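Below is one structure, written out as structure tokens, with a few remarks after it.
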Amino acid sequence: MTTHLPQLSRRAILQSAACGFGGLAFSGLMAEAARGADTPAAGAPHFPPRAKRMIFVFLAGGPSQGDLFAPKPYITKKHGQEIESPVGDDGQLRVGVAKFLPMKPVAPIRPRGQSGMMISDLLPNLAGVADDLCLLRAVVADNKAHAPATLQLHTGHIAEARPSMGAWCSYGLGSENNNLPSFITIHPPGDGRTYGAGFLPARHQGTPLRVPRNSGDVAIANLRDPSASPEEQRRRLDFLQRVNRRLLSRVKADAQMEGIIESFELAFRMQRETPGLIDLSKETDQTRKMYGIGGGASDVNGRACLMARRLSEAGVRFVQVTMDGWDHHGDIRNALPRSCATADKPIAGLIRDLKRRGLLDETLVMISGEFGRTYWSQDISGTSPIERHGREHQQESFCTLLAGGGVKPGCTHGETDDFGYRPIDGRVHLHDLHATILHLMGIDHKRLTYPHLGRDFRLTDVYGRVVREILA
């Protein structure tokens, strides 16, 4: 039976928002109230974890694996020559692909480090940490449209409002720092479901954060109330909490009310701890330079990655960083280098920084788009020379990078056919990827469940296997 939030608590929510506690997404709390009672997780791993925390770098738009990590000799040999369709008659509309014209990589891709991992010249800094990376070259998703593919990467499902990876990790493991949320998303995707809690208690959803670009910008909306001193806010909150606890004592048990009380207290504690964590001026010039901070194309993403390291080190269980700009349907030869320039140094800097601080072994880093791109070209206009072509979406196979947190360093796993289209070895579906992530964090993906609509749900639904071949 649905439990409804009492009217008094609704007024309390509105009052609290006016007092500066709006940053914890009260719409989510209201949605939780409509869903019914909270069923808490154990808050402990099922077995000793390889990783205590995770940083997920999302390259939104679909980076081209054939231009960055997985060259195909046949494609390079047939550059610009029409070939027979490698996809068969799958009944899918492929805009701008009237001909299947193979297109060679836009820059050389070479073996890197002792492992010989193939990485493009467009990613020189990432190439420098090749021996710390684990490259999956046959990852598979289920949809070639951005929105559903992005949703599946983040939540395991292409359409429904399911809990996100970060929410599941928060629910299963809890927080390492009671003064901070267990899940923070930096520059989140536009679809709030990608960092939402779904049917899990709302406190497990991601707290949105943006990198301040000017002195007046705020990283977390509504974290502070400029009209009241901390002492006055504390008095207001104490009054509000007394009212809520009085109501809770009357109803005896109300998981939503208990969650609201907890969220208000967390918001107040965040006011004290968060500003210091997002102040990057305390970092050395050497560290800031490592991330590409200081102007130029990599500045914003560099700040986001450095902030992710600071938050992760402070005890935030799951930090997500979104980097836009990887949807290259046209002129990929000129567009891809610009995208790489925004992300190469920040991501490599994050891995180097975690390693030098002794954190990489216990921090799982994942870098991935929602899908990849075709090895043949796409011409939206139908009249452009191949030098101005782009590439179409490809969910049948793409690349994902992992580092730290119990994965094999310098490992390349998986292979596709000569067209770079279908996996022929080491296939990893997104359900398998999610199962492996949870395993590395000490969670059995089949046991981390939540009752909803009459059955137990999990991140991997009824699928998923741990990819043990990549475990250190």
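In the structure tokens, the first chain shown is A, the next is B, and so on; residue numbers restart at 1 for each chain, and ligands run from 1 in the order shown.
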
- Message: Give me the residues near A:Arg309 as a ChimeraX atom specification, where near means some atom within 9 Å (using only C-alpha atoms) and where sequence neighbours in that chain fewer than 6 positions away do not count.
- Response: /A:55,319,350,353-354

Please produce a file of the residues just selected, as a compact mmCIF listing (two decimals), in the first residue's frame, where the atoms kept are N, CA and C atoms.
# COMPACT_ATOMS: atom_id res chain seq x y z
N ILE A 55 35.29 6.15 -10.28
CA ILE A 55 35.16 7.38 -11.06
C ILE A 55 34.81 6.97 -12.49
N VAL A 319 31.79 8.85 -8.33
CA VAL A 319 31.86 10.17 -8.96
C VAL A 319 31.78 9.98 -10.47
N LEU A 350 44.24 12.36 -14.41
CA LEU A 350 43.50 11.70 -13.33
C LEU A 350 44.15 10.37 -12.97
N ASP A 353 47.57 10.97 -11.34
CA ASP A 353 47.43 11.54 -10.00
C ASP A 353 46.97 10.49 -8.99
N LEU A 354 45.99 9.68 -9.37
CA LEU A 354 45.55 8.61 -8.48
C LEU A 354 46.69 7.65 -8.17

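Taking stretch 163-205 of chain A and asking which residues DSSP calls alpha helix (DSSP H) on the backbone, you get Met165, Gly166, Ala167, Trp168, Cys169, Ser170, Tyr171, Gly172 and Leu173 of chain A.
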
- Query: From the set A:Pro63, A:Pro71, A:Pro111, A:Pro48, which residue has the shortest atom-to-atom contact distance to A:Ala335, counting only C-alpha atoms?
  - Reply: A:Pro63

- Query: Given the choices A:Ser377, A:Thr436, A:Ser298, A:Thr287, which gets closest to A:Val407 if the distance is worked out from only C-alpha atoms?
  - Reply: A:Thr436

Selection: 6 Å around stretch 113-119 of chain A, only C-alpha atoms, excl. self and same-chain fewer than 4 positions, as a PDB file with C-alpha atoms, in the first residue's frame:
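What follows is the written file out35.pdb:
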ATOM      1  CA  LEU A  68      41.365   5.831 -31.412  1.00  0.00           C
ATOM      2  CA  PHE A  69      41.999   2.244 -30.249  1.00  0.00           C
ATOM      3  CA  ILE A 109      47.322   4.394 -34.148  1.00  0.00           C
ATOM      4  CA  ALA A 127      49.228   6.728 -24.548  1.00  0.00           C
ATOM      5  CA  ALA A 130      48.831   2.674 -21.564  1.00  0.00           C
ATOM      6  CA  ASP A 131      50.326   0.136 -19.174  1.00  0.00           C
ATOM      7  CA  GLY A 410      48.105  -3.236 -19.887  1.00  0.00           C
TER       8      GLY A 410
END

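Restricting the calculation to only C-alpha atoms, the smallest distance between A:Arg193 and any of A:Asp456, A:Glu160, A:Glu176, A:Glu415 is found for A:Glu160.
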
- Message: Taking only C-alpha atoms into account, name the residue in A:Ser249, A:Thr322, A:Gln241, A:Ser85 that is nearest to A:Pro189.
- Response: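 Looking at the shortest contact to A:Pro189, the residue is A:Thr322.
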